[in-house]
$ cat data08.csv   # CSV, C-alpha atoms and all ligand atoms
chain,number,residue,atom,x,y,z
X,26,MET,CA,87.2,35.3,98.1
X,27,ASP,CA,89.0,35.4,94.7
X,28,ASP,CA,92.1,33.4,93.9
X,29,LEU,CA,94.4,36.5,94.2
X,30,GLU,CA,93.2,37.2,97.7
X,31,ARG,CA,93.5,33.5,98.6
X,32,ARG,CA,97.0,33.3,97.2
X,33,LYS,CA,98.1,35.8,99.9
X,34,TRP,CA,97.7,33.1,102.5
X,35,GLN,CA,97.7,29.9,100.5
X,36,ASP,CA,100.3,29.1,97.9
X,37,PRO,CA,99.1,26.2,95.7
X,38,GLU,CA,102.4,25.5,94.0
X,39,ALA,CA,104.3,25.3,97.3
X,40,ILE,CA,101.6,23.1,98.8
X,41,LEU,CA,101.6,20.7,95.9
X,42,ALA,CA,105.4,20.5,95.7
X,43,GLY,CA,105.5,19.9,99.4
X,44,ILE,CA,103.3,16.8,99.1
X,45,GLY,CA,105.4,15.4,96.3
X,46,VAL,CA,103.7,16.6,93.1
X,47,ARG,CA,106.4,16.8,90.4
X,48,LYS,CA,107.0,16.3,86.7
X,49,GLY,CA,105.5,13.1,85.5
X,50,SER,CA,103.2,12.6,88.6
X,51,THR,CA,99.6,11.3,88.4
X,52,VAL,CA,97.5,13.4,90.7
X,53,MET,CA,93.8,13.1,91.7
X,54,ASP,CA,92.2,16.4,92.8
X,55,ILE,CA,89.0,15.3,94.4
X,56,GLY,CA,86.4,18.0,94.9
X,57,CYS,CA,88.6,20.2,92.7
X,58,GLY,CA,86.2,23.2,92.5
X,59,HIS,CA,87.2,25.8,89.9
X,60,GLY,CA,90.8,24.6,89.8
X,61,PHE,CA,92.7,26.6,92.5
X,62,PHE,CA,95.0,23.5,92.8
X,63,THR,CA,94.1,21.6,89.6
X,64,ILE,CA,95.7,24.1,87.2
X,65,PRO,CA,98.9,24.6,89.2
X,66,ALA,CA,99.1,20.7,89.5
X,67,ALA,CA,98.7,20.3,85.7
X,68,ARG,CA,101.6,22.9,85.2
X,69,LEU,CA,103.8,21.1,87.7
X,70,VAL,CA,103.3,17.5,86.4
X,71,GLY,CA,103.8,18.6,82.8
X,72,ALA,CA,103.1,16.7,79.6
X,73,SER,CA,104.5,13.4,81.0
X,74,GLY,CA,102.0,13.6,84.0
X,75,ARG,CA,98.3,13.7,84.4
X,76,VAL,CA,95.8,15.4,86.7
X,77,TYR,CA,92.3,14.1,87.2
X,78,GLY,CA,89.8,16.5,88.7
X,79,ILE,CA,86.3,15.7,89.8
X,80,ASP,CA,83.5,17.9,91.2
X,81,ILE,CA,79.8,17.8,91.5
X,82,SER,CA,79.6,21.3,90.0
X,83,ASP,CA,79.5,21.4,86.2
X,84,VAL,CA,80.1,25.1,86.4
X,85,ALA,CA,83.3,24.5,88.3
X,86,ILE,CA,84.5,21.8,85.9
X,87,THR,CA,83.7,24.0,82.9
X,88,GLN,CA,85.8,26.8,84.4
X,89,ILE,CA,88.8,24.5,84.7
X,90,ALA,CA,88.4,23.2,81.2
X,91,LYS,CA,88.4,26.8,79.9
X,92,LYS,CA,91.5,27.8,81.9
X,93,ALA,CA,93.3,24.6,80.7
X,94,SER,CA,92.4,25.3,77.1
X,95,ALA,CA,93.5,28.9,77.4
X,96,GLU,CA,96.9,27.7,78.7
X,97,GLY,CA,97.2,24.8,76.3
X,98,LEU,CA,97.3,22.2,79.1
X,99,GLY,CA,96.4,18.9,77.6
X,100,ASN,CA,97.1,16.7,80.6
X,101,LEU,CA,93.8,17.0,82.5
X,102,THR,CA,91.0,14.5,82.7
X,103,LEU,CA,87.9,16.3,84.2
X,104,ALA,CA,84.7,14.8,85.4
X,105,VAL,CA,81.4,16.1,86.8
X,106,GLY,CA,80.2,13.7,89.4
X,107,ARG,CA,80.2,12.6,93.0
X,108,ALA,CA,83.6,11.7,94.5
X,109,GLU,CA,81.7,8.9,96.3
X,110,ASP,CA,81.2,7.2,92.9
X,111,ALA,CA,84.6,7.9,91.4
X,112,VAL,CA,87.6,5.6,91.0
X,113,PHE,CA,89.5,6.9,88.0
X,114,CYS,CA,91.9,3.9,87.9
X,115,GLU,CA,93.2,1.3,90.4
X,116,ALA,CA,96.7,1.8,92.0
X,117,CYS,CA,97.6,4.5,89.5
X,118,ALA,CA,98.0,7.7,91.5
X,119,ASP,CA,101.1,9.2,93.0
X,120,VAL,CA,99.0,11.7,94.9
X,121,VAL,CA,95.4,11.9,95.9
X,122,PHE,CA,94.6,15.4,97.0
X,123,PHE,CA,91.7,16.8,99.0
X,124,GLY,CA,91.7,20.6,99.0
X,125,ILE,CA,89.5,21.9,101.9
X,126,VAL,CA,86.8,19.5,101.0
X,127,LEU,CA,86.8,16.3,103.1
X,128,HIS,CA,84.2,17.8,105.5
X,129,ASP,CA,81.9,18.6,102.5
X,130,PHE,CA,81.4,15.0,101.3
X,131,GLU,CA,78.2,13.3,102.2
X,132,GLU,CA,80.1,10.0,102.6
X,133,PRO,CA,83.8,10.8,103.4
X,134,GLU,CA,84.4,7.1,104.3
X,135,LYS,CA,83.4,6.1,100.8
X,136,VAL,CA,85.5,8.9,99.2
X,137,LEU,CA,88.6,7.8,101.2
X,138,SER,CA,88.1,4.2,100.4
X,139,ASN,CA,88.1,5.2,96.7
X,140,ALA,CA,91.3,7.2,97.3
X,141,GLU,CA,92.9,4.2,98.8
X,142,ARG,CA,92.1,2.1,95.7
X,143,MET,CA,93.5,4.8,93.4
X,144,LEU,CA,96.8,5.2,95.2
X,145,LYS,CA,99.9,3.4,93.9
X,146,PRO,CA,101.5,1.2,96.7
X,147,ARG,CA,103.9,4.1,97.5
X,148,GLY,CA,101.4,6.9,96.7
X,149,ARG,CA,100.4,9.5,99.1
X,150,LEU,CA,97.0,10.9,100.2
X,151,ALA,CA,97.1,14.6,101.2
X,152,ASN,CA,94.2,16.2,103.1
X,153,LEU,CA,94.3,19.9,103.4
X,154,ASP,CA,91.5,21.3,105.5
X,155,TRP,CA,90.3,24.1,107.7
X,156,LYS,CA,91.5,24.1,111.3
X,157,LYS,CA,88.5,23.6,113.7
X,158,GLU,CA,88.6,27.1,115.0
X,159,SER,CA,86.1,30.0,114.7
X,160,MET,CA,86.9,32.3,111.8
X,161,ALA,CA,85.2,35.1,110.0
X,162,PHE,CA,85.2,33.0,106.8
X,163,GLY,CA,85.2,29.4,105.8
X,164,PRO,CA,82.7,26.7,106.8
X,165,PRO,CA,80.9,27.0,110.2
X,166,LEU,CA,82.8,25.5,113.2
X,167,GLU,CA,80.4,22.5,113.6
X,168,LYS,CA,81.0,21.4,110.0
X,169,ARG,CA,84.8,21.4,110.3
X,170,PHE,CA,86.8,18.2,111.0
X,171,ASP,CA,89.6,18.5,113.5
X,172,GLU,CA,92.8,16.6,112.9
X,173,ALA,CA,91.8,13.7,115.1
X,174,ARG,CA,88.5,13.2,113.3
X,175,ALA,CA,90.1,13.4,109.8
X,176,THR,CA,92.9,11.0,111.0
X,177,ALA,CA,90.4,8.5,112.2
X,178,LEU,CA,88.5,8.6,108.9
X,179,ILE,CA,91.7,8.3,106.9
X,180,GLU,CA,93.0,5.4,108.9
X,181,SER,CA,89.6,3.5,108.7
X,182,ALA,CA,90.1,3.6,104.9
X,183,GLY,CA,93.2,1.4,105.3
X,184,LEU,CA,95.7,4.2,105.2
X,185,VAL,CA,98.5,5.1,107.7
X,186,VAL,CA,99.0,8.7,108.6
X,187,GLU,CA,102.6,9.8,108.2
X,188,ALA,CA,102.4,13.5,109.2
X,189,THR,CA,100.1,16.2,110.4
X,190,ALA,CA,101.1,19.8,110.4
X,191,GLY,CA,99.7,23.3,110.3
X,192,THR,CA,99.9,25.0,106.9
X,193,GLY,CA,99.3,28.7,106.6
X,194,PRO,CA,97.2,30.5,109.2
X,195,TYR,CA,94.0,28.7,108.7
X,196,HIS,CA,94.6,25.1,107.6
X,197,TYR,CA,96.2,21.8,108.5
X,198,MET,CA,97.6,19.1,106.2
X,199,ILE,CA,97.5,15.4,106.9
X,200,THR,CA,99.5,13.1,104.7
X,201,ALA,CA,99.0,9.3,104.6
X,202,ARG,CA,100.2,6.3,102.8
X,203,ARG,CA,98.7,2.9,101.9
X,204,LYS,CA,99.3,0.1,104.3
X,205,GLN,CA,102.1,-2.1,102.9
X,206,ARG,CA,100.6,-5.5,102.0
X,207,SER,CA,102.9,-8.5,102.8
M,301,LIG,C1,85.4,24.3,99.4
M,301,LIG,S1,85.3,23.8,97.7
M,301,LIG,C2,87.0,23.4,97.5
M,301,LIG,C3,87.4,23.3,96.0
M,301,LIG,C4,88.9,23.1,95.7
M,301,LIG,N1,89.4,21.9,96.2
M,301,LIG,C5,89.7,24.3,96.3
M,301,LIG,O1,90.6,24.0,97.1
M,301,LIG,O2,89.5,25.4,95.8
M,301,LIG,C6,84.6,22.2,97.8
M,301,LIG,C7,84.2,21.6,96.5
M,301,LIG,O3,83.7,20.2,96.7
M,301,LIG,C8,82.7,20.0,95.8
M,301,LIG,N2,82.0,18.8,96.3
M,301,LIG,C9,81.1,18.8,97.4
M,301,LIG,N3,80.7,17.6,97.6
M,301,LIG,C10,81.2,16.8,96.5
M,301,LIG,C11,81.0,15.4,96.2
M,301,LIG,N4,80.3,14.6,96.9
M,301,LIG,N5,81.7,15.0,95.1
M,301,LIG,C12,82.5,15.8,94.4
M,301,LIG,N6,82.6,17.1,94.7
M,301,LIG,C13,82.0,17.6,95.7
M,301,LIG,C14,81.9,21.3,95.7
M,301,LIG,O4,81.2,21.4,94.5
M,301,LIG,C15,83.1,22.3,95.8
M,301,LIG,O5,83.5,22.7,94.5

$ encode --input "data08.csv" --output "structure tokens" --more "lines below"
Ligand SMILES: C[S@@+](CC[C@H](N)C(=O)[O-])C[C@H]1O[C@@H](n2cnc3c(N)ncnc32)[C@H](O)[C@@H]1O
Amino acid sequence: MDDLERRKWQDPEAILAGIGVRKGSTVMDIGCGHGFFTIPAARLVGASGRVYGIDISDVAITQIAKKASAEGLGNLTLAVGRAEDAVFCEACADVVFFGIVLHDFEEPEKVLSNAERMLKPRGRLANLDWKKESMAFGPPLEKRFDEARATALIESAGLVVEATAGTGPYHYMITARRKQRS
């Protein structure tokens, strides 16, 4: 499915704004693919913000780099690698975003623990993923995480879920914060 088709039912700018991405934000796009969310995030945060993107696919990362260069976006840090091994910086992120990817990781627990380390004390994790329902597209049913499973994983990484809601016809969004340390 190309981006234009996907945009008919998933609006990346509205989703990113809804989870608090704004001018000056530092955003981690983990498992960023070819940049469906990464490029809109870079536009939203502007020159005073920064977007970090990581994916295991070098082809995907090269595509984002080309798009960024064509648009003159100089606020992206891109990496090819496993999210399980990536902590870009400690307590530095306003938003750590997972776009339809948590169910894809070999070790989602490790990736979420890295996310917890990257979040600022008042930062937010946002996990957008497929509803666990049969559909003519998207990952097979048995691979999908329902909201309860994703919530349990997120909370075992030391985060507190703040909201769970449907977003568009096929997905849900879970947002979470770091536990406040006394
Ligand atoms: C379904 S795509 C979603 C891409 C993007 N977030 C989006 O919304 O378009 C999942 C992406 O996760 C990447 N991926 C899978 N396992 C990964 C891992 N362990 N570390 C980093 N990226 C991974 C894949 O290469 C793929 O680009």

$ residues_near_ligand --input "data08.csv" --ligand "ligand LIG 301 (chain M)" --cutoff "7 Å" --atoms "only C-alpha atoms and all ligand atoms" --output "PDB file with C-alpha atoms, in the frame of the given file"
ATOM      1  CA  ILE X  55      89.000  15.300  94.400  1.00  0.00           C
ATOM      2  CA  GLY X  56      86.400  18.000  94.900  1.00  0.00           C
ATOM      3  CA  CYS X  57      88.600  20.200  92.700  1.00  0.00           C
ATOM      4  CA  GLY X  58      86.200  23.200  92.500  1.00  0.00           C
ATOM      5  CA  HIS X  59      87.200  25.800  89.900  1.00  0.00           C
ATOM      6  CA  GLY X  60      90.800  24.600  89.800  1.00  0.00           C
ATOM      7  CA  PHE X  61      92.700  26.600  92.500  1.00  0.00           C
ATOM      8  CA  PHE X  62      95.000  23.500  92.800  1.00  0.00           C
ATOM      9  CA  ILE X  79      86.300  15.700  89.800  1.00  0.00           C
ATOM     10  CA  ASP X  80      83.500  17.900  91.200  1.00  0.00           C
ATOM     11  CA  ILE X  81      79.800  17.800  91.500  1.00  0.00           C
ATOM     12  CA  SER X  82      79.600  21.300  90.000  1.00  0.00           C
ATOM     13  CA  ALA X  85      83.300  24.500  88.300  1.00  0.00           C
ATOM     14  CA  GLY X 106      80.200  13.700  89.400  1.00  0.00           C
ATOM     15  CA  ARG X 107      80.200  12.600  93.000  1.00  0.00           C
ATOM     16  CA  ALA X 108      83.600  11.700  94.500  1.00  0.00           C
ATOM     17  CA  GLU X 109      81.700   8.900  96.300  1.00  0.00           C
ATOM     18  CA  PHE X 123      91.700  16.800  99.000  1.00  0.00           C
ATOM     19  CA  GLY X 124      91.700  20.600  99.000  1.00  0.00           C
ATOM     20  CA  ILE X 125      89.500  21.900 101.900  1.00  0.00           C
ATOM     21  CA  VAL X 126      86.800  19.500 101.000  1.00  0.00           C
ATOM     22  CA  ASP X 129      81.900  18.600 102.500  1.00  0.00           C
ATOM     23  CA  PHE X 130      81.400  15.000 101.300  1.00  0.00           C
ATOM     24  CA  GLU X 131      78.200  13.300 102.200  1.00  0.00           C
TER      25      GLU X 131
END

$ closest_residue --input "data08.csv" --among "X:Ala188, X:Ala182, X:Leu153, X:Ala90" --to "Tyr77 (chain X)" --atoms "only C-alpha atoms"
X:Ala90

$ residues_around --input "data08.csv" --residues "Glu167 (chain X)" --least-positions-apart "5" --cutoff "12 Å" --atoms "all atoms listed in the file" --output "list in words"
His128, Asp129, Trp155, Lys156, Lys157, Glu158, Ser159 and Met160 of chain X

$ write_last_selection --input "data08.csv" --atoms "C-alpha atoms" --output "PDB file, in the frame of the given file"
ATOM      1  CA  HIS X 128      84.200  17.800 105.500  1.00  0.00           C
ATOM      2  CA  ASP X 129      81.900  18.600 102.500  1.00  0.00           C
ATOM      3  CA  TRP X 155      90.300  24.100 107.700  1.00  0.00           C
ATOM      4  CA  LYS X 156      91.500  24.100 111.300  1.00  0.00           C
ATOM      5  CA  LYS X 157      88.500  23.600 113.700  1.00  0.00           C
ATOM      6  CA  GLU X 158      88.600  27.100 115.000  1.00  0.00           C
ATOM      7  CA  SER X 159      86.100  30.000 114.700  1.00  0.00           C
ATOM      8  CA  MET X 160      86.900  32.300 111.800  1.00  0.00           C
TER       9      MET X 160
END

$ residues_around --input "data08.csv" --residues "region 70-75 of chain X" --least-positions-apart "3" --cutoff "6 Å" --atoms "only C-alpha atoms" --output "list in words"
Arg47, Lys48, Gly49, Ser50, Thr51, Ala67, Asn100 and Leu101 of chain X

$ write_last_selection --input "data08.csv" --atoms "C-alpha atoms" --output "compact mmCIF listing (two decimals), in the coordinates of the input"
# COMPACT_ATOMS: atom_id res chain seq x y z
CA ARG X 47 106.40 16.80 90.40
CA LYS X 48 107.00 16.30 86.70
CA GLY X 49 105.50 13.10 85.50
CA SER X 50 103.20 12.60 88.60
CA THR X 51 99.60 11.30 88.40
CA ALA X 67 98.70 20.30 85.70
CA ASN X 100 97.10 16.70 80.60
CA LEU X 101 93.80 17.00 82.50

$ residues_around --input "data08.csv" --residues "Lys91 (chain X)" --least-positions-apart "4" --cutoff "12 Å" --atoms "all atoms listed in the file" --output "JSON, numbers by chain"
{"X": [59, 60, 64, 84, 85, 86, 87, 95, 96, 97, 98, 99, 101, 103]}

$ residues_near_point --input "data08.csv" --point "(88.7, 19.4, 111.2)" --cutoff "9 Å" --atoms "all atoms listed in the file" --output "list of chain:residue names"
X:Leu127, X:His128, X:Asp154, X:Trp155, X:Lys156, X:Lys157, X:Glu158, X:Leu166, X:Lys168, X:Arg169, X:Phe170, X:Asp171, X:Glu172, X:Ala173, X:Arg174, X:Ala175, X:His196, X:Tyr197

$ atom_distance --input "data08.csv" --atom1 "CA of Asp54 (chain X)" --atom2 "CA of Pro165 (chain X)"
23.3 Å

$ residues_around --input "data08.csv" --residues "region 29-44 of chain X" --least-positions-apart "2" --cutoff "7 Å" --atoms "all atoms listed in the file" --output "MDAnalysis selection string"
chainID X and resid 26:27 46:47 62 65:66 151 193

$ closest_residue --input "data08.csv" --among "X:Leu69, X:Val52, X:Ala177, X:Leu150" --to "Thr102 (chain X)" --atoms "only C-alpha atoms"
X:Val52

$ atom_distance --input "data08.csv" --atom1 "CA of Ser138 (chain X)" --atom2 "CA of Ile199 (chain X)"
16.0 Å

$ closest_residue --input "data08.csv" --among "X:Tyr195, X:Ala118, X:Val112, X:Leu178" --to "Pro164 (chain X)" --atoms "all atoms listed in the file"
X:Tyr195

$ closest_residue --input "data08.csv" --among "X:Ile179, X:Ala201, X:Val76, X:Ala190" --to "Pro133 (chain X)" --atoms "only C-alpha atoms"
X:Ile179

$ build_atoms --input "data08.csv" --residues "region 133-151 of chain X" --atoms "N, CA and C atoms" --output "CSV table (one decimal), in the frame of the given file"
chain,number,residue,atom,x,y,z
X,133,PRO,N,82.3,10.7,103.5
X,133,PRO,CA,83.8,10.8,103.4
X,133,PRO,C,84.4,9.5,103.5
X,134,GLU,N,83.8,8.5,104.2
X,134,GLU,CA,84.4,7.1,104.3
X,134,GLU,C,84.5,6.5,102.9
X,135,LYS,N,83.5,6.7,102.1
X,135,LYS,CA,83.4,6.1,100.8
X,135,LYS,C,84.5,6.8,99.9
X,136,VAL,N,84.6,8.1,100.0
X,136,VAL,CA,85.5,8.9,99.2
X,136,VAL,C,87.0,8.4,99.5
X,137,LEU,N,87.2,8.2,100.8
X,137,LEU,CA,88.6,7.8,101.2
X,137,LEU,C,88.9,6.4,100.8
X,138,SER,N,87.9,5.6,100.8
X,138,SER,CA,88.1,4.2,100.4
X,138,SER,C,88.4,4.2,98.9
X,139,ASN,N,87.7,5.1,98.1
X,139,ASN,CA,88.1,5.2,96.7
X,139,ASN,C,89.5,5.7,96.5
X,140,ALA,N,89.9,6.6,97.4
X,140,ALA,CA,91.3,7.2,97.3
X,140,ALA,C,92.3,6.1,97.5
X,141,GLU,N,92.0,5.2,98.5
X,141,GLU,CA,92.9,4.2,98.8
X,141,GLU,C,93.1,3.2,97.6
X,142,ARG,N,92.0,3.0,96.9
X,142,ARG,CA,92.1,2.1,95.7
X,142,ARG,C,92.9,2.8,94.6
X,143,MET,N,92.8,4.1,94.5
X,143,MET,CA,93.5,4.8,93.4
X,143,MET,C,95.0,5.0,93.6
X,144,LEU,N,95.4,4.9,94.9
X,144,LEU,CA,96.8,5.2,95.2
X,144,LEU,C,97.7,4.0,94.7
X,145,LYS,N,98.9,4.4,94.2
X,145,LYS,CA,99.9,3.4,93.9
X,145,LYS,C,100.4,2.9,95.3
X,146,PRO,N,101.1,1.8,95.3
X,146,PRO,CA,101.5,1.2,96.7
X,146,PRO,C,102.3,2.3,97.5
X,147,ARG,N,103.1,3.1,96.8
X,147,ARG,CA,103.9,4.1,97.5
X,147,ARG,C,103.3,5.5,97.3
X,148,GLY,N,102.1,5.5,96.9
X,148,GLY,CA,101.4,6.9,96.7
X,148,GLY,C,101.1,7.5,98.0
X,149,ARG,N,100.7,8.8,97.9
X,149,ARG,CA,100.4,9.5,99.1
X,149,ARG,C,99.0,10.2,99.0
X,150,LEU,N,98.3,10.1,100.1
X,150,LEU,CA,97.0,10.9,100.2
X,150,LEU,C,97.4,12.2,101.0
X,151,ALA,N,96.8,13.3,100.5
X,151,ALA,CA,97.1,14.6,101.2
X,151,ALA,C,95.7,15.3,101.4
